[in-house]
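One file, protein.csv, is given below (CSV, C-alpha atoms).
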```csv
chain,number,residue,atom,x,y,z
A,102,MET,CA,-19.8,154.4,176.9
A,103,ILE,CA,-18.1,154.8,180.3
A,104,PRO,CA,-18.8,158.2,181.9
A,105,LEU,CA,-15.8,160.5,182.2
A,106,PRO,CA,-15.6,160.6,186.0
A,107,THR,CA,-15.7,156.8,186.0
A,108,ARG,CA,-13.0,156.7,183.3
A,109,LEU,CA,-10.8,159.0,185.4
A,110,ARG,CA,-11.2,156.9,188.5
A,111,LEU,CA,-10.2,153.8,186.6
A,112,LEU,CA,-7.2,155.6,185.1
A,113,LEU,CA,-6.0,157.0,188.4
A,114,ARG,CA,-6.4,153.8,190.4
A,115,PRO,CA,-3.1,151.8,191.1
A,116,HIS,CA,-2.1,149.6,188.2
A,117,PRO,CA,1.2,148.5,186.6
A,118,GLY,CA,1.0,151.1,183.9
A,119,TRP,CA,2.0,153.8,186.3
A,120,TYR,CA,5.4,152.1,186.8
A,121,ALA,CA,6.0,152.3,183.1
A,122,LEU,CA,5.2,156.1,183.2
A,123,ILE,CA,7.5,156.6,186.2
A,124,ALA,CA,10.4,154.7,184.5
A,125,ALA,CA,9.8,156.6,181.2
A,126,VAL,CA,9.9,160.0,182.8
A,127,ALA,CA,13.0,159.1,184.9
A,128,LEU,CA,14.8,157.8,181.8
A,129,SER,CA,13.8,161.0,179.9
A,130,CYS,CA,15.3,163.2,182.6
A,131,VAL,CA,18.5,161.1,182.6
A,132,GLY,CA,18.5,161.6,178.8
A,133,VAL,CA,18.2,165.4,179.1
A,134,MET,CA,21.1,165.5,181.5
A,135,ALA,CA,23.2,163.2,179.4
A,136,ILE,CA,22.6,165.2,176.2
A,137,GLY,CA,23.4,168.4,178.1
A,138,THR,CA,26.9,167.0,178.8
A,139,VAL,CA,27.8,167.3,175.1
A,140,LYS,CA,25.0,169.3,173.4
A,141,PRO,CA,23.4,171.8,175.8
A,142,GLY,CA,21.3,173.3,173.0
A,143,GLU,CA,19.8,170.0,172.0
A,144,ALA,CA,19.2,169.1,175.7
A,145,THR,CA,17.1,172.3,176.0
A,146,GLN,CA,15.1,171.5,172.9
A,147,GLN,CA,14.5,167.9,174.2
A,148,ALA,CA,13.3,169.2,177.6
A,149,ARG,CA,11.3,172.2,176.5
A,150,PHE,CA,9.8,171.0,173.3
A,151,TRP,CA,10.0,167.3,172.5
A,152,LEU,CA,9.3,166.0,176.1
A,153,PRO,CA,6.1,168.1,176.5
A,154,VAL,CA,5.0,167.1,173.0
A,155,ALA,CA,5.6,163.4,173.8
A,156,LEU,CA,3.7,163.7,177.1
A,157,ALA,CA,0.8,165.4,175.3
A,158,VAL,CA,0.7,162.6,172.6
A,159,MET,CA,0.8,160.0,175.4
A,160,SER,CA,-2.1,161.6,177.1
A,161,VAL,CA,-4.2,161.4,173.9
A,162,CYS,CA,-3.3,157.7,173.6
A,163,VAL,CA,-5.0,157.1,177.0
A,164,ILE,CA,-8.4,158.1,175.7
A,165,PRO,CA,-9.6,155.7,173.0
A,166,ARG,CA,-11.0,152.3,173.7
A,167,PRO,CA,-8.8,149.4,172.7
A,168,ARG,CA,-11.3,148.3,170.1
A,169,TRP,CA,-11.0,151.7,168.4
A,170,ILE,CA,-7.3,151.4,168.5
A,171,GLY,CA,-7.5,148.0,166.8
A,172,TYR,CA,-9.8,149.3,164.1
A,173,ALA,CA,-7.4,152.2,163.3
A,174,SER,CA,-4.3,150.1,163.4
A,175,TYR,CA,-4.6,148.7,159.8
A,176,PRO,CA,-5.2,151.9,158.0
A,177,LEU,CA,-2.6,153.8,160.0
A,178,PHE,CA,0.0,151.1,159.4
A,179,ALA,CA,-0.9,151.1,155.6
A,180,ALA,CA,-0.5,154.9,155.6
A,181,ALA,CA,2.9,154.6,157.3
A,182,LEU,CA,4.1,152.1,154.7
A,183,ILE,CA,3.0,154.4,151.9
A,184,LEU,CA,4.9,157.2,153.5
A,185,LEU,CA,8.0,155.1,153.8
A,186,ALA,CA,7.7,154.1,150.1
A,187,LEU,CA,7.3,157.7,149.0
A,188,MET,CA,10.4,158.8,151.0
A,189,ILE,CA,12.8,156.5,149.1
A,190,LEU,CA,11.6,157.7,145.6
A,191,PRO,CA,14.3,159.6,143.8
A,192,ILE,CA,11.7,162.3,142.7
A,193,MET,CA,11.1,163.4,146.3
A,194,PRO,CA,12.8,166.9,146.8
A,195,ARG,CA,15.7,167.2,149.2
A,196,SER,CA,13.9,170.0,150.9
A,197,ILE,CA,11.2,167.6,152.1
A,198,VAL,CA,13.2,164.4,152.5
A,199,PRO,CA,16.8,165.5,153.3
A,200,VAL,CA,19.7,163.0,153.1
A,201,ARG,CA,21.5,162.7,156.4
A,202,ASN,CA,24.5,160.4,156.8
A,203,GLY,CA,23.6,158.8,153.4
A,204,ALA,CA,20.0,158.0,154.6
A,205,ARG,CA,16.6,159.3,153.4
A,206,ALA,CA,14.9,158.6,156.8
A,207,TRP,CA,13.5,162.0,157.8
A,208,ILE,CA,10.8,164.4,156.7
A,209,SER,CA,11.6,168.0,157.1
A,210,LEU,CA,8.8,170.2,158.5
A,211,GLY,CA,10.5,173.6,158.6
A,212,SER,CA,12.5,173.8,161.8
A,213,ILE,CA,11.8,170.2,162.9
A,214,THR,CA,12.3,166.8,161.3
A,215,LEU,CA,10.3,163.6,161.8
A,216,GLN,CA,11.4,160.0,161.3
A,217,PRO,CA,8.3,158.0,160.1
A,218,SER,CA,10.0,154.7,160.8
A,219,GLU,CA,9.8,155.4,164.5
A,220,LEU,CA,6.0,155.6,164.4
A,221,THR,CA,5.9,152.6,162.0
A,222,LYS,CA,7.4,150.5,164.8
A,223,VAL,CA,4.4,151.2,167.1
A,224,LEU,CA,1.9,150.7,164.3
A,225,PHE,CA,3.4,147.4,163.4
A,226,VAL,CA,3.0,146.1,166.9
A,227,LEU,CA,-0.6,147.3,167.1
A,228,SER,CA,-1.4,145.8,163.6
A,229,MET,CA,0.2,142.5,164.5
A,230,ALA,CA,-1.6,142.3,167.8
A,231,TRP,CA,-4.9,143.1,166.1
A,232,TYR,CA,-4.2,140.4,163.5
A,233,LEU,CA,-3.1,137.7,165.9
A,234,ARG,CA,-5.7,138.2,168.6
A,235,TYR,CA,-8.3,135.6,167.5
A,236,ARG,CA,-6.3,133.4,165.2
A,237,SER,CA,-4.7,130.0,165.6
A,238,SER,CA,-3.3,129.6,162.0
A,239,TYR,CA,0.2,130.7,163.2
A,240,ARG,CA,0.4,127.4,165.1
A,241,THR,CA,1.5,125.9,161.8
A,242,VAL,CA,4.6,126.6,159.8
A,243,ARG,CA,2.5,127.9,156.8
A,244,GLY,CA,0.5,130.1,159.1
A,245,LEU,CA,3.7,131.7,160.4
A,246,LEU,CA,4.6,132.9,157.0
A,247,VAL,CA,1.8,135.5,156.9
A,248,PRO,CA,2.9,137.6,159.9
A,249,PHE,CA,6.6,137.3,158.8
A,250,PHE,CA,5.6,138.4,155.2
A,251,ILE,CA,3.8,141.4,156.7
A,252,MET,CA,6.9,142.2,158.7
A,253,LEU,CA,9.2,142.1,155.7
A,254,ILE,CA,7.3,145.0,154.0
A,255,PRO,CA,8.3,147.7,156.5
A,256,VAL,CA,11.7,146.1,157.0
A,257,ALA,CA,12.4,146.2,153.3
A,258,LEU,CA,11.3,149.8,153.0
A,259,ILE,CA,13.4,150.9,156.0
A,260,LEU,CA,16.5,149.0,154.7
A,261,LYS,CA,16.1,150.9,151.5
A,262,GLN,CA,16.5,154.2,153.2
A,263,PRO,CA,18.9,152.7,154.5
A,264,ASP,CA,18.4,152.3,158.3
A,265,LEU,CA,19.6,148.9,159.4
A,266,GLY,CA,19.3,149.8,163.1
A,267,THR,CA,15.5,150.4,163.0
A,268,ALA,CA,14.9,147.4,160.6
A,269,ILE,CA,16.6,145.0,163.0
A,270,LEU,CA,13.9,145.6,165.7
A,271,PHE,CA,11.0,144.2,163.8
A,272,ALA,CA,11.9,140.4,163.8
A,273,PRO,CA,12.6,140.1,167.6
A,274,THR,CA,9.4,142.0,168.4
A,275,LEU,CA,7.3,139.7,166.2
A,276,PHE,CA,9.0,136.7,167.7
A,277,ALA,CA,8.1,137.8,171.2
A,278,MET,CA,4.5,138.4,170.2
A,279,LEU,CA,4.2,135.0,168.5
A,280,VAL,CA,5.5,133.3,171.6
A,281,ALA,CA,2.9,135.1,173.7
A,282,ALA,CA,0.2,134.3,171.3
A,283,GLY,CA,0.9,130.6,171.6
A,284,ALA,CA,2.9,129.7,168.4
A,285,LYS,CA,4.7,126.4,168.7
A,286,LEU,CA,8.3,126.9,169.9
A,287,ARG,CA,9.7,124.2,167.6
A,288,HIS,CA,8.3,126.1,164.6
A,289,LEU,CA,9.7,129.4,165.9
A,290,GLY,CA,13.0,127.6,166.7
A,291,LEU,CA,13.2,126.4,163.1
A,292,LEU,CA,12.7,130.0,161.8
A,293,LEU,CA,15.2,131.4,164.4
A,294,GLY,CA,17.7,128.8,163.3
A,295,LEU,CA,17.3,129.9,159.7
A,296,VAL,CA,17.7,133.5,160.6
A,297,ALA,CA,20.8,132.7,162.7
A,298,LEU,CA,22.3,130.8,159.8
A,299,ALA,CA,21.6,133.7,157.4
A,300,VAL,CA,23.2,136.2,159.8
A,301,GLY,CA,26.2,133.9,160.3
A,302,MET,CA,26.7,133.5,156.5
A,303,ASN,CA,26.5,137.2,156.0
A,304,VAL,CA,29.1,137.8,158.7
A,305,ALA,CA,31.4,135.1,157.3
A,306,ILE,CA,31.0,136.6,153.8
A,307,ALA,CA,31.8,140.1,155.1
A,308,LEU,CA,35.0,138.8,156.8
A,309,TRP,CA,36.4,136.4,154.3
A,310,ALA,CA,34.7,136.5,150.9
A,311,PRO,CA,36.0,138.6,148.0
A,312,ASP,CA,34.4,141.9,147.0
A,313,SER,CA,32.5,140.3,144.2
A,314,MET,CA,30.5,138.0,146.6
A,315,GLN,CA,29.6,140.6,149.2
A,316,VAL,CA,25.9,141.0,150.2
A,317,LEU,CA,26.2,143.8,152.8
A,318,ARG,CA,26.9,147.4,151.9
A,319,PRO,CA,30.6,148.5,152.1
A,320,HIS,CA,30.1,150.5,155.3
A,321,GLN,CA,28.2,147.7,157.0
A,322,ARG,CA,30.9,145.2,156.1
A,323,ALA,CA,33.6,147.6,157.4
A,324,ARG,CA,31.8,147.9,160.7
A,325,ILE,CA,31.7,144.1,161.2
A,326,GLN,CA,35.4,143.8,160.2
A,327,SER,CA,36.4,146.6,162.6
A,328,MET,CA,34.4,145.1,165.5
A,329,VAL,CA,35.9,141.7,165.1
A,330,SER,CA,39.4,143.1,164.8
A,331,GLN,CA,38.9,145.2,167.9
A,332,VAL,CA,37.8,142.1,169.9
A,333,GLN,CA,41.0,140.3,168.7
A,334,GLY,CA,43.2,143.2,169.8
A,335,ASP,CA,43.9,144.3,166.2
A,336,THR,CA,43.9,148.2,166.1
A,337,ARG,CA,44.2,148.6,162.3
A,338,TYR,CA,40.7,150.1,162.1
A,339,VAL,CA,40.9,152.3,165.2
A,340,LYS,CA,41.5,155.5,163.1
A,341,THR,CA,39.0,154.7,160.4
A,342,THR,CA,35.8,152.6,160.5
A,343,GLY,CA,36.4,151.5,164.1
A,344,TYR,CA,37.0,155.0,165.4
A,345,GLN,CA,33.5,155.6,166.8
A,346,GLN,CA,33.3,152.3,168.6
A,347,ASP,CA,36.8,152.6,170.0
A,348,LYS,CA,36.1,156.1,171.5
A,349,ALA,CA,32.8,154.8,173.0
A,350,ILE,CA,34.6,151.8,174.6
A,351,THR,CA,37.3,154.2,176.0
A,352,LEU,CA,34.7,156.5,177.5
A,353,VAL,CA,32.7,153.6,179.0
A,354,SER,CA,35.7,152.0,180.6
A,355,ALA,CA,37.1,155.3,181.9
A,356,GLY,CA,33.9,156.0,183.9
A,357,GLY,CA,34.8,153.7,186.7
A,358,LEU,CA,32.4,153.1,189.6
A,359,THR,CA,30.9,156.6,190.0
A,360,GLY,CA,32.0,158.5,186.9
A,361,TYR,CA,33.5,161.9,186.4
A,362,GLY,CA,30.5,164.2,186.9
A,363,ALA,CA,29.1,166.7,184.4
A,364,LYS,CA,31.9,169.1,183.9
A,365,ARG,CA,34.9,166.7,183.7
A,366,SER,CA,32.9,164.3,181.6
A,367,ALA,CA,32.0,167.0,179.1
A,368,THR,CA,35.7,167.9,178.8
A,369,ILE,CA,36.7,164.2,178.4
A,370,VAL,CA,34.0,163.6,175.7
A,371,ARG,CA,35.0,166.8,173.9
A,372,PHE,CA,38.7,165.7,174.0
A,373,ASN,CA,37.9,162.3,172.6
A,374,LYS,CA,35.6,163.7,169.8
A,375,LEU,CA,33.1,160.9,170.0
A,376,PRO,CA,30.8,161.1,166.9
A,377,HIS,CA,27.0,161.1,167.5
A,378,ALA,CA,27.5,161.3,171.3
A,379,HIS,CA,24.1,162.8,171.9
A,380,ASN,CA,22.0,160.1,170.2
A,381,ASP,CA,23.4,156.7,169.1
A,382,MET,CA,26.4,156.7,171.5
A,383,ILE,CA,24.7,158.3,174.5
A,384,PHE,CA,25.3,155.2,176.6
A,385,ALA,CA,29.0,156.0,176.6
A,386,ILE,CA,28.2,159.5,178.0
A,387,ILE,CA,26.1,157.9,180.8
A,388,ALA,CA,28.9,155.5,181.7
A,389,ASN,CA,31.5,158.2,181.7
A,390,ARG,CA,29.5,160.7,183.7
A,391,TRP,CA,27.8,158.5,186.3
A,392,GLY,CA,30.0,155.4,186.1
A,393,THR,CA,28.9,151.8,186.7
A,394,LEU,CA,26.4,152.8,189.4
A,395,GLY,CA,24.7,155.1,187.0
A,396,VAL,CA,24.6,152.4,184.3
A,397,LEU,CA,23.1,150.0,186.7
A,398,GLY,CA,20.5,152.6,187.7
A,399,VAL,CA,19.5,153.2,184.0
A,400,LEU,CA,19.3,149.5,183.3
A,401,SER,CA,17.1,149.1,186.4
A,402,LEU,CA,14.7,151.7,185.0
A,403,TYR,CA,14.6,149.8,181.7
A,404,MET,CA,13.8,146.6,183.6
A,405,MET,CA,11.1,148.4,185.5
A,406,LEU,CA,9.6,149.7,182.2
A,407,ILE,CA,9.7,146.3,180.5
A,408,GLY,CA,8.4,144.6,183.6
A,409,SER,CA,5.5,147.0,183.7
A,410,PHE,CA,4.6,146.3,180.1
A,411,LEU,CA,4.6,142.6,180.8
A,412,MET,CA,2.6,143.0,184.0
A,413,VAL,CA,-0.1,145.0,182.1
A,414,ALA,CA,-0.1,142.1,179.5
A,415,ALA,CA,-0.5,139.5,182.2
A,416,ARG,CA,-3.3,141.3,184.0
A,417,SER,CA,-5.3,142.2,180.9
A,418,ARG,CA,-8.0,140.0,179.4
A,419,ASP,CA,-8.0,141.9,176.1
A,420,PRO,CA,-5.9,140.0,173.6
A,421,LEU,CA,-5.0,143.2,171.8
A,422,ALA,CA,-3.6,144.7,175.0
A,423,GLN,CA,-1.8,141.5,175.9
A,424,LEU,CA,0.0,141.1,172.6
A,425,ALA,CA,0.7,144.8,172.1
A,426,CYS,CA,2.3,145.2,175.5
A,427,VAL,CA,4.4,142.1,174.9
A,428,GLY,CA,5.5,143.6,171.6
A,429,PHE,CA,6.4,146.9,173.3
A,430,ALA,CA,8.4,145.1,175.9
A,431,GLY,CA,10.2,143.1,173.2
A,432,MET,CA,11.0,146.1,171.1
A,433,VAL,CA,12.4,148.2,174.0
A,434,PHE,CA,14.4,145.3,175.2
A,435,THR,CA,15.9,144.6,171.8
A,436,GLN,CA,16.7,148.3,171.2
A,437,VAL,CA,18.4,148.6,174.6
A,438,VAL,CA,20.5,145.4,174.1
A,439,ILE,CA,21.7,146.5,170.7
A,440,ASN,CA,22.5,150.1,171.7
A,441,VAL,CA,24.4,149.0,174.8
A,442,GLY,CA,26.1,146.2,172.9
A,443,MET,CA,27.5,148.5,170.2
A,444,ASN,CA,28.7,151.0,172.8
A,445,ILE,CA,30.7,148.4,174.7
A,446,GLY,CA,32.1,146.6,171.5
A,447,LEU,CA,30.0,143.5,171.6
A,448,LEU,CA,27.9,144.4,168.5
A,449,PRO,CA,28.8,146.4,165.4
A,450,ILE,CA,27.6,150.0,165.0
A,451,THR,CA,24.2,150.0,163.5
A,452,GLY,CA,22.8,153.4,164.2
A,453,ILE,CA,20.1,152.9,166.8
A,454,THR,CA,19.0,155.1,169.6
A,455,LEU,CA,18.7,154.4,173.3
A,456,PRO,CA,14.9,154.7,174.1
A,457,PHE,CA,13.8,157.8,176.0
A,458,ILE,CA,17.5,158.9,176.5
A,459,SER,CA,19.0,159.6,173.0
A,460,TYR,CA,18.3,162.9,171.4
A,461,GLY,CA,15.5,162.8,168.9
A,462,GLY,CA,11.8,163.9,168.9
A,463,SER,CA,10.4,161.0,166.8
A,464,SER,CA,12.0,158.4,169.0
A,465,LEU,CA,10.8,160.1,172.2
A,466,VAL,CA,7.2,160.5,170.9
A,467,SER,CA,7.0,156.9,169.7
A,468,THR,CA,8.2,155.4,173.0
A,469,PHE,CA,5.8,157.6,175.0
A,470,ILE,CA,3.0,156.4,172.7
A,471,MET,CA,3.8,152.9,174.0
A,472,VAL,CA,3.6,154.1,177.6
A,473,GLY,CA,0.3,155.9,176.9
A,474,LEU,CA,-1.2,152.7,175.3
A,475,ALA,CA,0.0,150.7,178.3
A,476,LEU,CA,-1.8,153.1,180.6
A,477,ASN,CA,-4.9,152.9,178.5
A,478,PHE,CA,-4.9,149.1,178.5
A,479,ALA,CA,-4.1,148.8,182.3
A,480,SER,CA,-7.0,151.1,183.3
A,481,ARG,CA,-9.7,149.2,181.3
A,482,ARG,CA,-12.3,147.0,182.9
A,483,PRO,CA,-12.4,143.4,181.5
A,484,ALA,CA,-15.0,142.9,178.8
A,485,MET,CA,-17.9,140.9,180.1
A,486,LEU,CA,-18.8,139.2,176.8
A,487,ALA,CA,-15.5,138.9,175.1
A,488,ARG,CA,-14.9,136.0,172.7
A,489,PRO,CA,-12.1,133.6,173.5
A,490,SER,CA,-8.7,134.9,172.3
A,491,PHE,CA,-5.5,133.1,171.3
A,492,GLU,CA,-5.2,131.3,174.7
A,493,PHE,CA,-5.4,127.5,174.8
A,494,ASP,CA,-6.7,125.1,177.4
A,495,ASN,CA,-3.6,123.0,177.2
A,496,PRO,CA,-0.5,125.1,178.1
A,497,ASP,CA,1.8,122.3,177.0
A,498,ALA,CA,0.5,122.6,173.4
A,499,ILE,CA,3.0,125.4,172.8
A,500,PHE,CA,5.8,122.9,172.9
A,501,GLN,CA,4.1,120.3,170.6
```
Take the structure in the file and give it back as structure tokens.
Amino acid sequence: MIPLPTRLRLLLRPHPGWYALIAAVALSCVGVMAIGTVKPGEATQQARFWLPVALAVMSVCVIPRPRWIGYASYPLFAAALILLALMILPIMPRSIVPVRNGARAWISLGSITLQPSELTKVLFVLSMAWYLRYRSSYRTVRGLLVPFFIMLIPVALILKQPDLGTAILFAPTLFAMLVAAGAKLRHLGLLLGLVALAVGMNVAIALWAPDSMQVLRPHQRARIQSMVSQVQGDTRYVKTTGYQQDKAITLVSAGGLTGYGAKRSATIVRFNKLPHAHNDMIFAIIANRWGTLGVLGVLSLYMMLIGSFLMVAARSRDPLAQLACVGFAGMVFTQVVINVGMNIGLLPITGITLPFISYGGSSLVSTFIMVGLALNFASRRPAMLARPSFEFDNPDAIFQ
């Protein structure tokens, strides 16, 4: 057991985890200001309640040893899966599991609501890191099936809510962790090709197949059709399914180099009536209020955050810390790319938040848990008698 004064000195010494904290706090402040542009009341709640709660939970995550975190990851992940399964049961009362926008994704706790899928994302990364840390079976195609099968369990439950945006994050995150763990790229490339083929077939079916052959839900199909039509210059969906994306693109492009500022931007957004401007479409508010320079600043903070996670992974000798931080980096990167892509018309609307910036307590708490764990891992001394992890003597073996 490390004495408390020594633990504090290790935590406070310079390490890459502090850059992640700085970026996370800066992004959260940007988020409060952006939310305040359209929803001042929600901005106050984000700043005065959810941000302190997130920072408190992050501080707790700095305390336990990585080994304890690993031991707890399996039962906590199993508990999260059970909770996700219970939420989609028809017998659950609406007072506990309300239906919002057609989805049963939240649990009502009086005046606040929590989204269990947000915490499930973090627990999935920790469980996969704990599972992969001393294995080599994933260097075969058959061995890769186990982690992907585990991944499909939360994905299926979240899709059943339905919440496509959150479900999309799991596969890229696992892919990044497997690359870091040393899985063969040709095996991963084969699986990636199959996934790309499946996605391409679904898009083709959504665009050209008759209704009797459709796989996607009607609203998902409509979003794909409206996005493709918008790219082609066809405005037939602008007033219906493509309304939200059209308004977001308009606000992004209108921001120019420096934006309109708080007051004018609030007026412009209110005039355009952008749906979900304070959460899923918050990037459009940033671009309109602060312009291209503000967008570049926000993206730079994300690169700083992701780079910090990867630096913690590179400097750590603990396989759990290495794989978990790579998973955190992959998840944040994927979430940012999807959110920005759907705001500028390159991806269909999927309902996904912008980390640290969009309004939402569950999302903010879960992302600060990642930062707290990165701080924890970065401040630990290397284990003296640790067994060999997933690393291989021959770095070229990953390509074989």
Might you pull out every residue within 12 Å of Gly137 in chain A, with all atoms listed in the file counted and same-chain residues fewer than 5 positions away left off, and present them as a PyMOL selection string? chain A and resi 130-132+142-148+363-364+366-367+370+378-380+383+386-387+390+458-460
Of the candidates A:Ala281, A:Thr435, A:Pro194, A:Val300, which shows the shortest atom-to-atom distance to Ala415 in chain A, using all atoms listed in the file? A:Ala281
Residues within 12 Å of (0.5, 160.2, 175.7), file coords, all atoms listed in the file, listed as a ChimeraX atom specification: /A:122,125-126,152-165,465-477
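Between CA of Pro176 in chain A and CA of Phe150 in chain A lies a distance of 28.7 Å.
Using all atoms listed in the file, the nearest neighbour of Ala173 in chain A within the list A:Trp207, A:Phe372, A:Phe225, A:Trp151 is A:Phe225.
CA of Leu260 in chain A is positioned 26.1 Å from CA of Ser212 in chain A.
Using only C-alpha atoms, the protein and nucleic acid residues lying at most 10 Å from the point (34.8, 148.2, 179.8) are Ala349, Ile350, Thr351, Leu352, Val353, Ser354, Ala355, Gly356, Gly357, Ala388, Thr393, Asn444, Ile445 and Gly446 of chain A.
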Output file for the selection above: C-alpha atoms, as a compact mmCIF listing (two decimals), keeping the file's coordinate frame:
```txt
# COMPACT_ATOMS: atom_id res chain seq x y z
CA ALA A 349 32.80 154.80 173.00
CA ILE A 350 34.60 151.80 174.60
CA THR A 351 37.30 154.20 176.00
CA LEU A 352 34.70 156.50 177.50
CA VAL A 353 32.70 153.60 179.00
CA SER A 354 35.70 152.00 180.60
CA ALA A 355 37.10 155.30 181.90
CA GLY A 356 33.90 156.00 183.90
CA GLY A 357 34.80 153.70 186.70
CA ALA A 388 28.90 155.50 181.70
CA THR A 393 28.90 151.80 186.70
CA ASN A 444 28.70 151.00 172.80
CA ILE A 445 30.70 148.40 174.70
CA GLY A 446 32.10 146.60 171.50
```
Among A:Val396, A:Ala257, A:Ile189, A:Leu270, Gly203 in chain A is approached most closely, using all atoms listed in the file, by A:Ile189
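CA of Leu448 in chain A is positioned 22.6 Å from CA of Asp312 in chain A.
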8 Å contact set for range 437-443 of chain A, only C-alpha atoms, chain neighbours under 5 positions out, as a tab-separated table (two decimals) with C-alpha atoms, keeping the file's coordinate frame:
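This is the output file around33.tsv:
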```tsv
chain	number	residue	atom	x	y	z
A	346	GLN	CA	33.30	152.30	168.60
A	381	ASP	CA	23.40	156.70	169.10
A	382	MET	CA	26.40	156.70	171.50
A	384	PHE	CA	25.30	155.20	176.60
A	448	LEU	CA	27.90	144.40	168.50
A	449	PRO	CA	28.80	146.40	165.40
A	450	ILE	CA	27.60	150.00	165.00
A	451	THR	CA	24.20	150.00	163.50
A	453	ILE	CA	20.10	152.90	166.80
A	454	THR	CA	19.00	155.10	169.60
A	455	LEU	CA	18.70	154.40	173.30
A	456	PRO	CA	14.90	154.70	174.10
```
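Near Ile269 in chain A, within 9 Å and counting all atoms listed in the file, sit A:Val256, A:Asp264, A:Leu265, A:Gly266, A:Ala272, A:Pro273, A:Thr435, A:Gln436, not including residues fewer than 3 positions from it in the same chain.
Shortest atom-to-atom contact with His377 in chain A among A:Ser218, A:Gln345, A:Ser129, A:Ser409: A:Gln345, counting only C-alpha atoms.
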When distances are computed from only C-alpha atoms, which of A:Ile325, A:Val200, A:Ala414, A:Ile170 shows the smallest separation from Gly343 in chain A? A:Ile325
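Remark: for Asp419 in chain A, the closest of the candidate residues A:Tyr344, A:Phe178, A:Trp119, A:Tyr235 is A:Tyr235 (distances computed over all atoms listed in the file).
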